[in-house]
>>> print(open('target_3.cif').read())   # mmCIF, C-alpha atoms and all ligand atoms
data_work
#
loop_
_atom_site.label_atom_id
_atom_site.label_comp_id
_atom_site.auth_asym_id
_atom_site.auth_seq_id
_atom_site.Cartn_x
_atom_site.Cartn_y
_atom_site.Cartn_z
CA MET A 5 0.00 0.00 0.00
CA SER A 6 2.76 2.47 -0.94
CA SER A 7 1.05 4.20 -3.87
CA ALA A 8 0.73 7.98 -3.70
CA PRO A 9 -2.47 9.47 -2.53
CA PRO A 10 -4.71 10.68 -5.38
CA VAL A 11 -4.78 14.24 -4.08
CA ALA A 12 -2.26 16.48 -2.39
CA PRO A 13 -1.81 15.55 1.20
CA PRO A 14 -3.40 17.70 3.83
CA ARG A 15 -1.26 20.36 5.40
CA PRO A 16 -1.50 21.27 9.02
CA SER A 17 -3.45 24.39 9.87
CA SER A 18 -2.34 26.92 12.41
CA ASN A 19 -4.26 25.10 15.07
CA GLY A 20 -3.03 21.81 13.95
CA ASP A 21 -6.32 20.68 12.37
CA VAL A 22 -6.13 18.98 9.08
CA ARG A 23 -7.90 20.88 6.25
CA ALA A 24 -8.79 19.99 2.74
CA GLN A 25 -6.95 21.82 -0.14
CA PRO A 26 -8.16 24.41 -0.94
CA PRO A 27 -10.54 25.39 1.89
CA ALA A 28 -12.98 27.16 -0.53
CA PHE A 29 -15.90 26.97 1.78
CA GLU A 30 -16.16 25.83 5.29
CA GLY A 31 -19.38 24.87 6.80
CA ALA A 32 -20.06 23.90 10.35
CA LYS A 33 -17.30 22.12 12.10
CA GLY A 34 -17.15 18.62 10.82
CA ALA A 35 -19.09 19.45 7.60
CA ILE A 36 -17.92 17.96 4.36
CA PRO A 37 -15.72 20.49 2.60
CA TYR A 38 -17.06 22.05 -0.70
CA LYS A 39 -15.35 22.42 -3.97
CA ASP A 40 -15.78 25.44 -6.33
CA SER A 41 -18.58 23.74 -8.25
CA ASP A 42 -20.50 23.11 -5.00
CA ALA A 43 -20.28 26.82 -4.11
CA HIS A 44 -21.58 27.83 -7.52
CA ALA A 45 -24.51 25.48 -7.18
CA LEU A 46 -25.35 26.84 -3.74
CA TRP A 47 -25.25 30.41 -4.96
CA ALA A 48 -27.52 29.44 -7.81
CA VAL A 49 -30.02 27.96 -5.35
CA VAL A 50 -29.88 31.02 -3.10
CA SER A 51 -30.36 33.30 -6.09
CA LEU A 52 -33.30 31.25 -7.28
CA MET A 53 -34.92 31.41 -3.86
CA LEU A 54 -34.38 35.15 -3.63
CA GLY A 55 -35.94 35.48 -7.06
CA ILE A 56 -38.99 33.50 -5.97
CA LEU A 57 -39.27 35.62 -2.80
CA VAL A 58 -39.19 38.84 -4.84
CA ALA A 59 -41.85 37.43 -7.18
CA VAL A 60 -44.11 36.43 -4.27
CA LEU A 61 -43.74 39.83 -2.61
CA GLY A 62 -44.50 41.48 -5.92
CA PHE A 63 -47.63 39.37 -6.32
CA PHE A 64 -48.93 40.34 -2.87
CA ALA A 65 -48.23 43.99 -3.55
CA LEU A 66 -50.24 43.71 -6.77
CA MET A 67 -53.17 42.04 -4.96
CA MET A 68 -53.19 44.80 -2.33
CA TRP A 69 -53.33 47.39 -5.05
CA VAL A 70 -56.21 45.56 -6.74
CA ASP A 71 -58.08 45.35 -3.42
CA ALA A 72 -57.60 49.04 -2.77
CA HIS A 73 -58.73 49.82 -6.27
CA ASN A 74 -61.85 47.69 -5.91
CA ALA A 75 -62.66 49.26 -2.54
CA LYS A 76 -62.37 52.70 -4.08
CA ASN A 77 -64.67 51.68 -6.92
CA ALA A 78 -67.22 50.26 -4.46
CA ALA A 79 -67.09 53.45 -2.40
CA ASP A 80 -67.57 55.50 -5.58
CA ARG A 81 -70.57 53.38 -6.58
CA ALA A 82 -72.13 53.66 -3.09
CA ALA A 83 -71.65 57.42 -3.10
CA ALA A 84 -73.19 57.68 -6.56
CA LYS A 85 -76.16 55.54 -5.46
CA ALA A 86 -76.69 57.61 -2.32
CA SER A 87 -76.59 60.87 -4.22
CA SER A 88 -79.03 59.80 -6.92
CA ALA A 89 -81.63 57.21 -5.82
CA THR A 90 -82.95 55.61 -8.94
CA PRO A 91 -86.42 54.08 -9.22
CA GLY A 92 -86.70 50.63 -10.66
CA ALA A 93 -85.35 47.48 -9.08
CA THR A 94 -84.75 49.25 -5.79
CA SER A 95 -87.39 51.15 -3.83
CA ASP A 96 -87.57 54.87 -4.21
CA LEU A 97 -88.47 55.60 -0.61
CA GLY A 98 -88.88 59.28 -1.31
CA ALA A 99 -91.83 58.49 -3.58
CA LEU A 100 -93.85 56.57 -0.97
CA LYS A 101 -97.19 58.25 -0.51
CA SER A 102 -98.75 58.23 2.93
CA TYR A 103 -102.47 57.84 3.45
CA ALA A 104 -102.22 58.44 7.20
CA GLY A 105 -105.24 60.23 8.53
CA ALA A 106 -107.35 59.90 5.38
CA ALA A 107 -110.96 60.28 6.42
CA PRO A 108 -114.38 60.89 4.89
CA SER A 109 -116.49 63.84 6.00
CA ASN A 110 -118.67 61.60 8.17
CA ALA A 111 -115.68 59.98 9.93
CA ASP A 112 -116.92 60.94 13.37
CA ALA A 113 -120.30 59.31 12.83
CA LEU A 114 -118.63 56.21 11.37
CA ALA A 115 -116.32 55.97 14.40
CA ALA A 116 -119.31 56.20 16.72
CA ALA A 117 -121.18 53.54 14.77
CA HIS A 118 -118.20 51.18 14.63
CA LYS A 119 -118.62 48.09 16.77
CA SER A 120 -115.33 47.91 18.62
CA PHE A 121 -113.32 44.73 18.91
CA PRO A 122 -114.10 43.13 22.29
CA ALA A 123 -111.02 43.85 24.40
CA ALA A 124 -112.36 42.18 27.55
CA LEU A 125 -110.59 38.88 28.19
CA PRO A 126 -113.07 36.04 27.63
CA ALA A 127 -113.32 33.19 30.13
CA ALA A 128 -110.95 30.25 29.76
CA PRO A 129 -112.62 26.94 28.98
CA ALA A 130 -112.95 24.47 31.84
CA GLY A 131 -111.39 21.02 31.81
CA PRO A 132 -108.05 19.65 30.73
CA VAL A 133 -108.41 20.41 27.00
CA ALA A 134 -109.07 23.76 25.29
CA ASN A 135 -110.49 23.21 21.81
CA ILE A 136 -109.80 26.21 19.58
CA ASN A 137 -111.28 26.55 16.11
CA LEU A 138 -109.78 29.17 13.85
CA VAL A 139 -110.99 30.07 10.38
CA LEU A 140 -108.80 32.02 7.98
CA LYS A 141 -110.65 34.11 5.44
CA ASP A 142 -110.16 36.86 2.86
CA VAL A 143 -112.32 39.67 4.18
CA THR A 144 -112.60 43.40 3.72
CA VAL A 145 -112.10 45.04 7.09
CA GLN A 146 -112.40 48.59 8.36
CA ILE A 147 -109.13 49.78 9.89
CA ALA A 148 -110.13 53.39 10.55
CA PRO A 149 -113.34 55.37 10.07
CA GLY A 150 -114.30 54.91 6.41
CA VAL A 151 -111.00 53.19 5.53
CA LYS A 152 -111.41 49.75 3.96
CA TYR A 153 -108.66 47.17 3.59
CA ALA A 154 -108.69 43.90 1.64
CA ALA A 155 -107.37 41.68 4.42
CA TRP A 156 -106.18 38.14 4.68
CA ALA A 157 -107.53 37.64 8.13
CA TRP A 158 -109.93 35.57 10.21
CA ALA A 159 -113.61 34.92 9.94
CA GLY A 160 -114.18 37.80 12.36
CA GLY A 161 -111.60 40.13 10.79
CA ALA A 162 -108.30 41.23 12.32
CA PRO A 163 -107.02 40.52 14.86
CA GLY A 164 -108.17 36.94 15.26
CA PRO A 165 -110.23 35.92 18.30
CA VAL A 166 -108.65 36.34 21.74
CA ILE A 167 -107.84 32.88 23.04
CA HIS A 168 -107.73 32.28 26.78
CA VAL A 169 -106.45 29.09 28.34
CA ARG A 170 -104.97 28.04 31.66
CA GLN A 171 -101.41 27.00 32.29
CA GLY A 172 -101.17 23.25 31.94
CA GLN A 173 -104.16 22.86 29.65
CA LEU A 174 -103.79 20.93 26.44
CA VAL A 175 -104.63 23.28 23.56
CA LYS A 176 -106.08 21.66 20.48
CA ILE A 177 -105.92 23.99 17.48
CA THR A 178 -108.06 23.30 14.46
CA LEU A 179 -107.27 25.64 11.59
CA THR A 180 -109.52 25.85 8.53
CA ASN A 181 -108.31 27.77 5.51
CA GLU A 182 -111.19 29.45 3.70
CA GLY A 183 -108.82 31.82 1.95
CA ALA A 184 -107.66 31.67 -1.64
CA ILE A 185 -104.03 30.77 -0.98
CA PRO A 186 -102.13 28.58 1.51
CA HIS A 187 -101.88 29.78 5.09
CA SER A 188 -100.78 28.42 8.46
CA VAL A 189 -100.78 29.30 12.14
CA ASP A 190 -97.74 29.69 14.39
CA PHE A 191 -98.43 29.82 18.14
CA HIS A 192 -95.70 31.51 20.15
CA ALA A 193 -97.14 29.85 23.26
CA ALA A 194 -96.20 26.41 21.94
CA ARG A 195 -93.03 24.40 22.31
CA ILE A 196 -93.45 22.28 19.23
CA ALA A 197 -91.59 21.36 16.05
CA PRO A 198 -92.68 24.16 13.71
CA ASP A 199 -92.00 22.20 10.53
CA LYS A 200 -94.64 19.71 11.62
CA ALA A 201 -97.26 21.91 13.32
CA PHE A 202 -96.98 25.22 11.49
CA GLY A 203 -96.99 23.92 7.93
CA ASP A 204 -99.09 25.37 5.14
CA VAL A 205 -102.77 24.48 4.89
CA MET A 206 -104.17 24.45 1.39
CA PRO A 207 -107.35 26.40 0.56
CA GLY A 208 -110.42 24.48 1.65
CA LYS A 209 -108.44 22.25 4.02
CA SER A 210 -108.22 21.93 7.78
CA VAL A 211 -105.42 20.85 10.07
CA SER A 212 -105.21 20.12 13.80
CA TYR A 213 -102.39 20.02 16.26
CA THR A 214 -102.06 20.14 20.01
CA PHE A 215 -99.64 21.69 22.43
CA ARG A 216 -99.42 21.96 26.19
CA ALA A 217 -99.82 25.54 27.45
CA SER A 218 -96.93 25.12 29.85
CA ASP A 219 -95.74 28.74 29.90
CA PRO A 220 -97.97 31.49 31.32
CA GLY A 221 -98.14 34.88 29.64
CA VAL A 222 -99.71 36.53 26.64
CA PHE A 223 -98.42 35.34 23.29
CA MET A 224 -98.82 36.17 19.64
CA TYR A 225 -100.21 33.77 17.12
CA HIS A 226 -99.93 34.43 13.41
CA CYS A 227 -99.81 32.98 9.94
CA GLY A 228 -96.26 31.88 9.23
CA THR A 229 -96.56 31.31 5.49
CA LYS A 230 -94.06 33.14 3.30
CA PRO A 231 -93.79 36.01 2.84
CA VAL A 232 -94.55 36.26 6.55
CA LEU A 233 -94.30 40.05 6.49
CA MET A 234 -97.21 40.20 4.06
CA HIS A 235 -99.35 37.59 5.81
CA ILE A 236 -99.01 39.34 9.16
CA ALA A 237 -99.46 42.82 7.71
CA ASN A 238 -102.62 41.63 5.98
CA GLY A 239 -104.24 40.80 9.32
CA MET A 240 -103.27 37.22 10.15
CA TYR A 241 -102.46 37.60 13.84
CA GLY A 242 -103.98 37.41 17.28
CA ALA A 243 -103.33 36.88 20.98
CA ILE A 244 -103.52 33.92 23.34
CA VAL A 245 -103.51 34.46 27.09
CA VAL A 246 -102.17 31.62 29.20
CA ASP A 247 -103.25 32.18 32.80
CA PRO A 248 -100.65 31.33 35.40
CA LYS A 249 -101.61 29.06 38.29
CA PRO A 250 -104.06 30.71 40.72
CA GLY A 251 -102.40 32.91 43.30
CA VAL A 252 -99.32 33.71 41.24
CA LEU A 253 -100.52 37.16 40.18
CA PRO A 254 -102.55 39.71 42.16
CA PRO A 255 -106.27 39.22 41.51
CA THR A 256 -107.80 41.64 39.02
CA ASP A 257 -111.10 43.39 38.58
CA LYS A 258 -110.76 43.98 34.82
CA ASN A 259 -108.70 42.30 32.11
CA TYR A 260 -108.25 43.85 28.68
CA VAL A 261 -106.38 42.42 25.71
CA LEU A 262 -104.76 44.77 23.20
CA VAL A 263 -103.09 43.62 19.98
CA ALA A 264 -100.96 46.35 18.44
CA SER A 265 -100.25 46.31 14.72
CA GLU A 266 -99.40 48.37 11.66
CA TRP A 267 -101.15 48.75 8.30
CA TYR A 268 -99.35 49.58 5.05
CA LEU A 269 -101.73 50.81 2.38
CA SER A 270 -101.63 50.89 -1.43
CA ALA A 271 -104.37 53.54 -1.49
CA ASP A 272 -106.43 55.58 0.96
CA GLY A 273 -109.14 52.89 1.16
CA LEU A 274 -111.94 55.45 1.21
CA GLY A 275 -113.38 54.09 -2.04
CA ALA A 276 -112.14 50.66 -3.06
CA PRO A 277 -110.44 48.69 -0.30
CA ALA A 278 -106.72 49.38 0.02
CA GLN A 279 -104.23 46.57 -0.32
CA PHE A 280 -100.82 45.81 1.09
CA ASN A 281 -97.86 47.98 0.07
CA LEU A 282 -94.57 46.09 0.33
CA ASP A 283 -92.30 49.12 -0.10
CA LYS A 284 -93.91 50.89 2.85
CA ALA A 285 -93.72 47.73 4.93
CA HIS A 286 -90.01 47.40 4.17
CA ALA A 287 -89.49 51.07 4.99
CA ARG A 288 -91.60 50.67 8.16
CA MET A 289 -93.79 53.58 7.12
CA PRO A 290 -97.29 52.53 8.17
CA ASP A 291 -100.36 54.55 7.23
CA TRP A 292 -102.26 53.37 10.28
CA MET A 293 -101.30 51.83 13.60
CA THR A 294 -103.97 50.29 15.74
CA PHE A 295 -104.95 48.48 18.91
CA ASN A 296 -107.16 45.55 17.95
CA GLY A 297 -107.22 46.44 14.27
CA TYR A 298 -109.07 49.77 14.13
CA ALA A 299 -107.58 53.22 14.67
CA GLY A 300 -108.72 54.91 17.85
CA GLN A 301 -111.70 52.61 18.42
CA TYR A 302 -111.41 52.85 22.21
CA VAL A 303 -111.41 56.63 22.01
CA LYS A 304 -115.03 56.60 20.85
CA HIS A 305 -115.78 53.49 22.88
CA PRO A 306 -113.52 53.67 25.95
CA LEU A 307 -112.60 50.73 28.11
CA THR A 308 -113.92 51.18 31.63
CA ALA A 309 -112.99 50.62 35.25
CA LYS A 310 -114.21 51.76 38.64
CA PRO A 311 -111.92 53.86 40.83
CA GLY A 312 -109.55 51.63 42.79
CA GLU A 313 -110.06 48.57 40.58
CA LEU A 314 -107.02 46.65 39.47
CA VAL A 315 -106.99 46.70 35.67
CA ARG A 316 -104.70 44.32 33.83
CA PHE A 317 -103.68 45.00 30.21
CA TRP A 318 -102.50 41.98 28.25
CA VAL A 319 -100.64 43.49 25.32
CA VAL A 320 -99.30 41.74 22.24
CA ASP A 321 -97.40 43.54 19.54
CA ALA A 322 -98.19 41.75 16.29
CA GLY A 323 -96.02 44.15 14.32
CA PRO A 324 -95.20 43.06 11.77
CA SER A 325 -92.19 45.33 12.40
CA ILE A 326 -92.66 48.16 14.91
CA ASP A 327 -92.41 47.88 18.71
CA THR A 328 -95.04 49.27 21.08
CA ASP A 329 -93.92 51.53 23.92
CA PHE A 330 -96.88 50.95 26.17
CA HIS A 331 -97.88 53.75 28.51
CA VAL A 332 -101.03 54.85 30.33
CA VAL A 333 -101.29 58.61 30.58
CA GLY A 334 -101.95 59.91 34.08
CA THR A 335 -100.76 56.91 36.01
CA ILE A 336 -97.83 54.56 36.58
CA PHE A 337 -97.79 50.80 36.18
CA ASP A 338 -98.16 49.25 39.64
CA ASN A 339 -96.85 46.00 38.17
CA ALA A 340 -95.27 45.45 34.79
CA TYR A 341 -94.30 42.03 33.53
CA PRO A 342 -91.93 42.76 30.64
CA PHE A 343 -92.04 40.29 27.76
CA ALA A 344 -95.08 38.79 29.53
CA ASP A 345 -92.79 36.75 31.76
CA LEU A 346 -95.20 35.42 34.36
CA SER A 347 -93.12 32.40 35.30
CA ASN A 348 -91.31 34.37 37.95
CA PRO A 349 -93.51 37.28 39.08
CA ARG A 350 -90.89 38.33 41.62
CA SER A 351 -88.98 39.69 38.62
CA ALA A 352 -91.83 42.05 37.79
CA LEU A 353 -91.19 45.77 37.62
CA HIS A 354 -93.07 48.21 39.84
CA ASN A 355 -93.89 51.89 39.47
CA VAL A 356 -92.58 52.30 35.95
CA GLN A 357 -93.98 54.62 33.29
CA THR A 358 -93.43 53.03 29.85
CA VAL A 359 -92.44 49.52 28.87
CA THR A 360 -91.60 48.31 25.40
CA VAL A 361 -93.49 45.40 23.93
CA PRO A 362 -91.41 44.05 21.06
CA ALA A 363 -92.86 43.08 17.71
CA GLY A 364 -93.73 39.42 18.09
CA GLY A 365 -93.82 39.70 21.88
CA GLY A 366 -96.10 40.50 24.79
CA GLY A 367 -96.30 42.45 28.02
CA VAL A 368 -98.63 42.43 31.02
CA PHE A 369 -99.42 45.64 32.90
CA ASP A 370 -101.41 46.36 36.06
CA VAL A 371 -102.82 49.76 36.93
CA LYS A 372 -104.92 50.73 39.91
CA ILE A 373 -106.36 54.19 39.45
CA GLY A 374 -108.05 55.89 42.36
CA LYS A 375 -109.09 59.17 40.79
CA PRO A 376 -112.00 59.20 38.32
CA GLY A 377 -111.03 60.49 34.89
CA ILE A 378 -110.12 59.67 31.31
CA TYR A 379 -106.77 57.92 31.06
CA PRO A 380 -105.39 57.40 27.53
CA PHE A 381 -103.31 54.34 26.77
CA VAL A 382 -100.82 54.70 23.94
CA SER A 383 -97.66 53.59 22.32
CA HIS A 384 -95.52 56.48 23.51
CA ALA A 385 -93.58 56.40 20.24
CA PHE A 386 -95.90 59.23 19.31
CA ALA A 387 -96.05 58.83 15.57
CA ALA A 388 -98.02 55.71 16.49
CA VAL A 389 -100.59 57.83 18.30
CA ASP A 390 -101.04 60.10 15.31
CA GLU A 391 -101.57 56.99 13.20
CA GLY A 392 -104.27 55.61 15.50
CA GLN A 393 -102.60 53.64 18.28
CA VAL A 394 -104.47 55.25 21.15
CA GLY A 395 -107.42 54.35 23.35
CA LEU A 396 -109.03 55.53 26.55
CA LEU A 397 -109.58 53.95 29.93
CA LYS A 398 -112.53 55.67 31.54
CA VAL A 399 -112.26 55.41 35.30
CA GLY A 400 -115.49 56.14 37.15
CA ASN A 401 -118.57 57.81 35.88
CA VAL A 402 -117.06 60.75 34.06
CA GLU A 403 -118.23 62.65 31.02
CA GLY A 404 -116.52 63.21 27.72
CA THR A 405 -113.47 61.79 26.03
CA MET A 406 -109.92 62.93 25.61
CA SER A 407 -107.66 62.28 22.72
CA HIS A 408 -104.03 62.63 23.63
CU CU B 501 -101.33 33.56 5.75
#
>>> encode(input="target_3.cif", output="structure tokens", more="lines below")
Ligand SMILES: [Cu+2]
Amino acid sequence: MSSAPPVAPPRPSSNGDVRAQPPAFEGAKGAIPYKDSDAHALWAVVSLMLGILVAVLGFFALMMWVDAHNAKNAADRAAAKASSATPGATSDLGALKSYAGAAPSNADALAAAHKSFPAALPAAPAGPVANINLVLKDVTVQIAPGVKYAAWAWAGGAPGPVIHVRQGQLVKITLTNEGAIPHSVDFHAARIAPDKAFGDVMPGKSVSYTFRASDPGVFMYHCGTKPVLMHIANGMYGAIVVDPKPGVLPPTDKNYVLVASEWYLSADGLGAPAQFNLDKAHARMPDWMTFNGYAGQYVKHPLTAKPGELVRFWVVDAGPSIDTDFHVVGTIFDNAYPFADLSNPRSALHNVQTVTVPAGGGGVFDVKIGKPGIYPFVSHAFAAVDEGQVGLLKVGNVEGTMSH
């Protein structure tokens, strides 16, 4: 084994280590030494990677510019749209015509002759089962003196009949559709699979379902067929009172049920019946707002109480879209049960002035008025009063009326 080595022998370094010839590149201690060609390859790789990095950064910069450009264009389009509302596919809200307050010359006589919706809470049926029959019908209703509306409502008009049951009763609903199109009924008092119970009923058909009235309060019921906004606005709503167990609430002398709602009219309704106006409903610009379906009916025909009686208002806001800020002028709620929560009456409010009843919700309010007089009840969102959501509670044997 005396042949010469194939490469020059290593020479000692200053520290005595043995190094390869030439030491062109030295990696970590113990790394394999590189030759010139290795170094060139490495630099090529590094250059390539730097090139890719520059390209990627350039791409992101371009995307950011495109985003900014698009955002500017969108802002320009929004500004242009805001500055020049165009009729057509979108609603021109500025062109909506209000028929609020439209009235014939004999409006006062018509209001006096109007048979007001019975606000007094009817008795709850005895026994373990409450059988409720509801009939849906296309009817022309009066929503204000001389103002006719082609409603999709109930056999008796709008709202539907006040339903009164006791907590724990089984409620059997039978719904008959005498209208021209499919309808349904959704009970907020029910804990039930809506896809099974609240399905559409074809014209001429009936359907039944049952639910346990396990939660006390006052609840909305309404047609839930699409478009729900239109079915509710056309009159398909009502209230169900579920009495709590005896002794839970203070005993009352009078119980009144009020269903608040809005009407959106295509015309004034003084000649031909008005119909539903979708643009106004979307803009929440009602022509009329009512308690129990007719503007100001309890101004001409006040609800009554004797001085010192405890009067309970069971209020539902059927909407379809606007809340009711319930208030009785001249007094303060002795008890208010916001959202009609009667499950825990210790959470009731006392001595409060105005309580909101949300669209699709309820509220229960007790007043005890000692002084005889005329006490208006309103939604204190006062445009609602101008549009008809006002009534009077006449306490004692007093003369006259008062519109607020
Ligand atoms: Cu309906």
>>> residues_near_ligand(input="target_3.cif", ligand="ligand CU 501 (chain B)", cutoff="6 Å", atoms="all atoms listed in the file", output="list of chain:residue names")
A:His187, A:Ser188, A:Cys227, A:Thr229, A:His235
>>> closest_atom_pairs(input="target_3.cif", of="range 229-266 of chain A", to="range 192-202 of chain A", cutoff="10 Å", atoms="all atoms listed in the file", output="CSV")
residue,atom,partner,partner_atom,distance
A:Thr229,CA,A:Phe202,CA,8.6
A:Ala243,CA,A:His192,CA,9.4
A:Ile244,CA,A:Ala193,CA,7.6
A:Val245,CA,A:Ala193,CA,8.7
A:Val246,CA,A:Ala193,CA,8.0
>>> write_last_selection(input="target_3.cif", atoms="C-alpha atoms", output="PDB file, keeping the file's coordinate frame")
ATOM      1  CA  THR A 229     -96.560  31.310   5.490  1.00  0.00           C
ATOM      2  CA  ALA A 243    -103.330  36.880  20.980  1.00  0.00           C
ATOM      3  CA  ILE A 244    -103.520  33.920  23.340  1.00  0.00           C
ATOM      4  CA  VAL A 245    -103.510  34.460  27.090  1.00  0.00           C
ATOM      5  CA  VAL A 246    -102.170  31.620  29.200  1.00  0.00           C
TER       6      VAL A 246
END
>>> closest_residue(input="target_3.cif", among="A:Val252, A:Met224, A:Lys372, A:Gln301", to="Val319 in chain A", atoms="all atoms listed in the file")
A:Met224
>>> residues_around(input="target_3.cif", residues="Met289 in chain A", least_positions_apart="5", cutoff="10 Å", atoms="only C-alpha atoms", output="ChimeraX atom specification")
/A:97,100-102,104,266-269,281,283-284,325-326
>>> residues_near_point(input="target_3.cif", point="(-101.8, 40.6, 8.0)", cutoff="10 Å", atoms="all atoms listed in the file", output="list of chain:residue names")
A:Ala154, A:Ala155, A:Trp156, A:Ala157, A:Trp158, A:Ala162, A:Pro163, A:His226, A:Cys227, A:Val232, A:Leu233, A:Met234, A:His235, A:Ile236, A:Ala237, A:Asn238, A:Gly239, A:Met240, A:Tyr241, A:Ser265, A:Glu266, A:Trp267, A:Tyr268, A:Phe280, A:Ala322, A:Gly323, A:Pro324
>>> residues_around(input="target_3.cif", residues="Asp321 in chain A", least_positions_apart="6", cutoff="8 Å", atoms="all atoms listed in the file", output="PyMOL selection string")
chain A and resi 224+263-265+327-328+361-366
>>> residues_around(input="target_3.cif", residues="Gly300 in chain A", least_positions_apart="5", cutoff="10 Å", atoms="all atoms listed in the file", output="list in words")
Ala115, Ser120, Ile147, Ala148, Pro149, Met293, Thr294, Phe295, His305, Pro306, Val382, Val389, Asp390, Glu391, Gly392, Gln393, Val394, Gly395, Leu396 and Ser407 of chain A
>>> residues_near_point(input="target_3.cif", point="(-102.8, 44.9, 28.7)", cutoff="7 Å", atoms="all atoms listed in the file", output="ChimeraX atom specification")
/A:260-262,316-319,367-369
>>> closest_residue(input="target_3.cif", among="A:Val169, A:Val175, A:Val332, A:Ala106", to="Pro126 in chain A", atoms="all atoms listed in the file")
A:Val169
>>> closest_residue(input="target_3.cif", among="A:Gln173, A:Ser383, A:Asn137, A:Ser270", to="Val211 in chain A", atoms="only C-alpha atoms")
A:Asn137
>>> atom_distance(input="target_3.cif", atom1="CA of Val356 in chain A", atom2="CA of Asp370 in chain A")
10.6 Å
>>> atom_distance(input="target_3.cif", atom1="CA of Asn355 in chain A", atom2="CA of Ile336 in chain A")
5.6 Å
>>> atom_distance(input="target_3.cif", atom1="CA of Asp291 in chain A", atom2="CA of Tyr103 in chain A")
5.4 Å
>>> residues_around(input="target_3.cif", residues="Asp247 in chain A", least_positions_apart="3", cutoff="6 Å", atoms="all atoms listed in the file", output="short mmCIF file (atom, residue, chain, number, x, y, z; two decimals) with C-alpha atoms, in the frame of the given file")
data_model
loop_
_atom_site.label_atom_id
_atom_site.label_comp_id
_atom_site.auth_asym_id
_atom_site.auth_seq_id
_atom_site.Cartn_x
_atom_site.Cartn_y
_atom_site.Cartn_z
CA ARG A 170 -104.97 28.04 31.66
CA GLN A 171 -101.41 27.00 32.29
CA PRO A 220 -97.97 31.49 31.32
#
>>> residues_around(input="target_3.cif", residues="range 376-378 of chain A", least_positions_apart="5", cutoff="8 Å", atoms="all atoms listed in the file", output="list in words")
Lys310, Pro311, Leu396, Leu397, Lys398, Val399, Gly400, Asn401, Val402, Thr405 and Met406 of chain A
>>> closest_residue(input="target_3.cif", among="A:Glu403, A:Gly203, A:Val315, A:Leu174", to="Asp219 in chain A", atoms="all atoms listed in the file")
A:Leu174
